[in-house]
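**Q** Take this structure first; my questions come after.
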Amino acid sequence: MMHPDTELRYINDEIGYGVFATKLIPKGTIVWAQDDLDQVLDPTYVEKLDPLRKQDVQKYSFKNQFGKYILCWDKARFVNHSFHATCVATMYDLELAARDILPGEELTDDYGTLNLDEPFDCLPEPGTNRSRVMPDDLLRYYRQWDEVAVEAFARFNHVEQPLLHLVRPKHLKIIRGITEQRRSLDSIISLYCQPQSQWQKEQEW
């Protein structure tokens with residue numbers, strides 16, 4: 001579920017829709033938490049869907065570290081990509097505000113954290129040499145995303161958390177240890193899902 005102080009807005013014909021803040025969302029705030037309304041789909045199920053539904057599932061979902069497709073039930077599936085993302089993924093089925101997100105500002109993810117099936121061509125952005133999101137970007141950039149997450153968690157206990165009730169108890173225990181500096185952050189590299197080979201796909205059929 002997306003943070004309640006967000007709304008869906010139309011951007012333009014090229015991008016489509018995006019998710020925008022309606023109020024200030026401070027750094028360290030949970031901006032998305034996976035909940036029990038999100039669908040968790042096995043890749044073998046997705047492969048056997050008719051082409052129309054398969055196309056939309058692959059477009060609007062992401063893969064977790066177990067290769068399952070996570071199809072969000074709310075506006076979370078309209079969060080767009082940015083190489084300067086305002087949100088950062090974690091190992092705890094939630095994302096945090098990577099910095100203060102101002103009213104009217106778009107909430108964005110770096111799609112490199114999402115285990116894409118195919119490379120994703122991006123609109124040019126100043127301040128980066130990246131122009132494509134690759135399926136193995138987690139292996140390249142996990143250290144910098146971990147650093148962003150560490151800084152965001154430093155603010156976790158100092159901001160309002162309207163989505164805290166959706167965080168799983170096992171994750172809350174870990175997060176408490178992180179925020180109290182009793183344990184370190186689990187690296188996002190563990191979210192990486194090794195792409196399935198064509199041979200393995202054929203064997204499942």
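Naming works like this for the structure tokens: A, B, ... for the chains as they're shown, residue 1 at the start of each chain, ligands 1 onward in shown order.
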How close does segment 134-183 of chain A get to segment 34-51 of chain A? List, as CSV, each residue of segment 134-183 of chain A within 10 Å, its nearest atom pair and the distance in Å to one decimal, counting only C-alpha atoms.

**A**
```
residue,atom,partner,partner_atom,distance
A:Leu163,CA,A:Gln34,CA,9.8
A:His165,CA,A:Asp35,CA,9.9
A:Leu166,CA,A:Asp35,CA,6.2
A:Val167,CA,A:Gln34,CA,7.6
A:Arg168,CA,A:Asp35,CA,8.7
```

**Q** Could you pull out the residues in segment 15-180 of chain A that DSSP calls alpha helix (DSSP H) from the backbone, as JSON, numbers by chain?

**A** {"A": [43, 44, 45, 46, 47, 51, 52, 53, 54, 55, 56, 57, 58, 59, 60, 137, 138, 139, 140, 141, 142, 143, 144, 145, 146, 147, 148, 149, 150, 151, 152, 153, 169, 170, 171, 172, 173, 174, 175, 176, 177, 178, 179]}

**Q** I need the residues in segment 63-171 of chain A that are strand (DSSP E) according to DSSP; give them as a VMD selection string.

**A** chain A and resid 63 69 to 71 80 to 81 87 to 89 94 to 97 106 to 109 120 to 121 132 to 133

**Q** Given the selection you just returned, output its residues as a file containing N, CA, C and O atoms, formatted as a compact mmCIF listing (two decimals), in the first residue's frame.

**A**
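Output saved as out_20.txt:
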```txt
# COMPACT_ATOMS: atom_id res chain seq x y z
N LYS A 63 9.58 -8.31 -9.54
CA LYS A 63 9.93 -9.61 -8.99
C LYS A 63 10.66 -9.46 -7.66
O LYS A 63 11.53 -8.59 -7.52
N TYR A 69 6.25 -12.72 -8.92
CA TYR A 69 5.76 -11.42 -9.37
C TYR A 69 4.88 -10.81 -8.29
O TYR A 69 3.94 -11.46 -7.81
N ILE A 70 5.17 -9.56 -7.91
CA ILE A 70 4.36 -8.84 -6.94
C ILE A 70 3.53 -7.82 -7.70
O ILE A 70 4.07 -6.87 -8.28
N LEU A 71 2.22 -8.02 -7.72
CA LEU A 71 1.31 -7.13 -8.43
C LEU A 71 0.53 -6.33 -7.40
O LEU A 71 -0.34 -6.85 -6.71
N ASN A 80 6.74 5.59 -11.12
CA ASN A 80 7.64 5.63 -12.27
C ASN A 80 9.10 5.50 -11.86
O ASN A 80 9.46 5.61 -10.68
N HIS A 81 9.94 5.28 -12.87
CA HIS A 81 11.38 5.15 -12.67
C HIS A 81 12.08 6.51 -12.65
O HIS A 81 11.69 7.44 -13.35
N CYS A 87 12.47 7.38 -3.59
CA CYS A 87 12.19 6.26 -2.69
C CYS A 87 13.31 5.23 -2.81
O CYS A 87 13.94 5.11 -3.86
N VAL A 88 13.52 4.48 -1.75
CA VAL A 88 14.56 3.46 -1.76
C VAL A 88 14.00 2.14 -1.23
O VAL A 88 13.26 2.11 -0.24
N ALA A 89 14.33 1.06 -1.93
CA ALA A 89 13.86 -0.27 -1.54
C ALA A 89 14.69 -0.82 -0.38
O ALA A 89 15.83 -0.39 -0.14
N LEU A 94 9.24 -3.20 2.18
CA LEU A 94 8.80 -1.81 2.27
C LEU A 94 9.84 -0.91 1.60
O LEU A 94 10.98 -1.31 1.39
N GLU A 95 9.39 0.28 1.25
CA GLU A 95 10.28 1.31 0.72
C GLU A 95 10.20 2.54 1.61
O GLU A 95 9.16 2.81 2.22
N LEU A 96 11.29 3.27 1.67
CA LEU A 96 11.37 4.48 2.48
C LEU A 96 11.57 5.70 1.59
O LEU A 96 12.11 5.59 0.48
N ALA A 97 11.15 6.85 2.10
CA ALA A 97 11.48 8.10 1.43
C ALA A 97 12.98 8.31 1.54
O ALA A 97 13.54 8.36 2.64
N GLU A 106 6.93 14.04 -7.36
CA GLU A 106 6.62 12.66 -7.73
C GLU A 106 7.43 11.67 -6.90
O GLU A 106 8.61 11.88 -6.62
N LEU A 107 6.78 10.57 -6.50
CA LEU A 107 7.46 9.46 -5.85
C LEU A 107 7.98 8.54 -6.95
O LEU A 107 7.20 8.11 -7.82
N THR A 108 9.26 8.24 -6.92
CA THR A 108 9.87 7.44 -7.97
C THR A 108 10.76 6.35 -7.38
O THR A 108 11.27 6.48 -6.27
N ASP A 109 10.93 5.28 -8.13
CA ASP A 109 11.83 4.18 -7.79
C ASP A 109 12.93 4.11 -8.84
O ASP A 109 12.71 4.50 -10.00
N PHE A 120 15.39 -1.91 -19.74
CA PHE A 120 14.38 -0.87 -19.81
C PHE A 120 15.04 0.43 -20.25
O PHE A 120 15.91 0.95 -19.55
N ASP A 121 14.66 0.94 -21.42
CA ASP A 121 15.21 2.20 -21.91
C ASP A 121 14.53 3.37 -21.20
O ASP A 121 13.31 3.39 -21.05
N ARG A 132 19.85 3.11 -19.40
CA ARG A 132 19.04 1.89 -19.44
C ARG A 132 19.06 1.26 -18.05
O ARG A 132 20.07 1.30 -17.35
N VAL A 133 17.93 0.68 -17.69
CA VAL A 133 17.88 -0.16 -16.49
C VAL A 133 18.12 -1.60 -16.95
O VAL A 133 17.46 -2.08 -17.87
```

**Q** With only C-alpha atoms as the atoms that count, which of A:Cys122, A:Ile175, A:Ala149, A:Ile30 lies nearest to Thr90 of chain A?

**A**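 Smallest distance to Thr90 of chain A is found for A:Ala149.
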
**Q** Residues of segment 46-162 of chain A within 12 Å of segment 4-17 of chain A: nearest atom pair and distance (Å, one decimal) for each, counting only C-alpha atoms, sorted by chain and number, as JSON lines?

**A**
```
{"residue": "A:Asp74", "atom": "CA", "partner": "A:Leu8", "partner_atom": "CA", "distance": 10.0}
{"residue": "A:Lys75", "atom": "CA", "partner": "A:Leu8", "partner_atom": "CA", "distance": 6.6}
{"residue": "A:Ala76", "atom": "CA", "partner": "A:Leu8", "partner_atom": "CA", "distance": 9.2}
{"residue": "A:Arg77", "atom": "CA", "partner": "A:Tyr17", "partner_atom": "CA", "distance": 10.1}
{"residue": "A:Phe78", "atom": "CA", "partner": "A:Tyr17", "partner_atom": "CA", "distance": 6.4}
{"residue": "A:Val79", "atom": "CA", "partner": "A:Tyr17", "partner_atom": "CA", "distance": 8.2}
{"residue": "A:Asn80", "atom": "CA", "partner": "A:Tyr17", "partner_atom": "CA", "distance": 8.2}
{"residue": "A:His81", "atom": "CA", "partner": "A:Ile15", "partner_atom": "CA", "distance": 10.0}
{"residue": "A:Ser82", "atom": "CA", "partner": "A:Ile15", "partner_atom": "CA", "distance": 11.9}
{"residue": "A:Ile101", "atom": "CA", "partner": "A:Thr6", "partner_atom": "CA", "distance": 10.6}
{"residue": "A:Leu102", "atom": "CA", "partner": "A:Asp5", "partner_atom": "CA", "distance": 10.9}
{"residue": "A:Pro103", "atom": "CA", "partner": "A:Thr6", "partner_atom": "CA", "distance": 9.0}
{"residue": "A:Gly104", "atom": "CA", "partner": "A:Thr6", "partner_atom": "CA", "distance": 9.0}
{"residue": "A:Glu105", "atom": "CA", "partner": "A:Thr6", "partner_atom": "CA", "distance": 9.6}
{"residue": "A:Glu106", "atom": "CA", "partner": "A:Thr6", "partner_atom": "CA", "distance": 9.0}
{"residue": "A:Leu107", "atom": "CA", "partner": "A:Thr6", "partner_atom": "CA", "distance": 8.5}
{"residue": "A:Thr108", "atom": "CA", "partner": "A:Tyr17", "partner_atom": "CA", "distance": 11.8}
{"residue": "A:Cys122", "atom": "CA", "partner": "A:Ile15", "partner_atom": "CA", "distance": 10.4}
{"residue": "A:Leu123", "atom": "CA", "partner": "A:Ile15", "partner_atom": "CA", "distance": 9.5}
{"residue": "A:Glu160", "atom": "CA", "partner": "A:Asp5", "partner_atom": "CA", "distance": 11.8}
{"residue": "A:Gln161", "atom": "CA", "partner": "A:Pro4", "partner_atom": "CA", "distance": 10.4}
{"residue": "A:Pro162", "atom": "CA", "partner": "A:Pro4", "partner_atom": "CA", "distance": 7.7}
```

**Q** Can you work out the spacing between atom CA of Phe83 of chain A and atom CA of Arg99 of chain A in Å, to one decimal?

**A** 14.0 Å

**Q** Between atom CA of Arg155 of chain A and atom CA of Lys27 of chain A, what is the distance in Å, rounded to a tenth?

**A**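 A separation of 6.6 Å between them.
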
**Q** With distances taken over only C-alpha atoms, which of A:Arg183, A:His158, A:Asp93, A:Cys193 is nearest to Gly112 of chain A?

**A**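 Of A:Arg183, A:His158, A:Asp93, A:Cys193, the one nearest Gly112 of chain A is A:Cys193, counting only C-alpha atoms.
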
**Q** What's the separation between atom CA of Ser184 of chain A and atom CA of Gly28 of chain A, in Å to one decimal place?

**A**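 So the answer is 16.1 Å.
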
**Q** When you count only C-alpha atoms, which of these residues is closest to Ile174 of chain A: A:Tyr111, A:Met91, A:Ile188, A:Tyr142?

**A** A:Met91

**Q** So that I can check the surroundings of Gln58 of chain A, please list as a short mmCIF file (atom, residue, chain, number, x, y, z; two decimals) with N, CA and C atoms, in the first residue's frame every protein, DNA and RNA residue that reaches within 9 Å of it, counting only C-alpha atoms and ignoring chain neighbours fewer than 3 positions away.

**A**
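What follows is the written file around.cif:
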```cif
data_model
loop_
_atom_site.label_atom_id
_atom_site.label_comp_id
_atom_site.auth_asym_id
_atom_site.auth_seq_id
_atom_site.Cartn_x
_atom_site.Cartn_y
_atom_site.Cartn_z
N VAL A 46 2.28 -16.96 -14.51
CA VAL A 46 2.32 -15.78 -15.38
C VAL A 46 2.64 -16.20 -16.81
N ARG A 53 -3.16 -10.43 -20.71
CA ARG A 53 -2.98 -10.34 -19.26
C ARG A 53 -1.51 -10.50 -18.88
N LYS A 54 -0.80 -11.36 -19.57
CA LYS A 54 0.62 -11.55 -19.28
C LYS A 54 1.39 -10.25 -19.50
N GLN A 55 1.06 -9.54 -20.57
CA GLN A 55 1.73 -8.28 -20.87
C GLN A 55 1.53 -7.27 -19.75
N SER A 61 4.06 -5.18 -12.53
CA SER A 61 4.54 -5.89 -11.35
C SER A 61 6.07 -5.84 -11.29
N PHE A 62 6.62 -6.33 -10.19
CA PHE A 62 8.06 -6.49 -10.07
C PHE A 62 8.33 -7.87 -9.47
N TYR A 69 6.25 -12.72 -8.92
CA TYR A 69 5.76 -11.42 -9.37
C TYR A 69 4.88 -10.81 -8.29
N LEU A 71 2.22 -8.02 -7.72
CA LEU A 71 1.31 -7.13 -8.43
C LEU A 71 0.53 -6.33 -7.40
N LEU A 116 13.92 -6.65 -13.20
CA LEU A 116 13.22 -6.63 -14.47
C LEU A 116 13.59 -7.85 -15.32
N ASP A 117 12.63 -8.29 -16.13
CA ASP A 117 12.89 -9.42 -17.03
C ASP A 117 13.75 -9.00 -18.22
#
```

**Q** Taking only C-alpha atoms into account, name the residue in A:His3, A:Thr179, A:Leu191, A:Leu172 that is nearest to Thr22 of chain A.

**A**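 Ranked by minimum distance to Thr22 of chain A, first place goes to A:His3.
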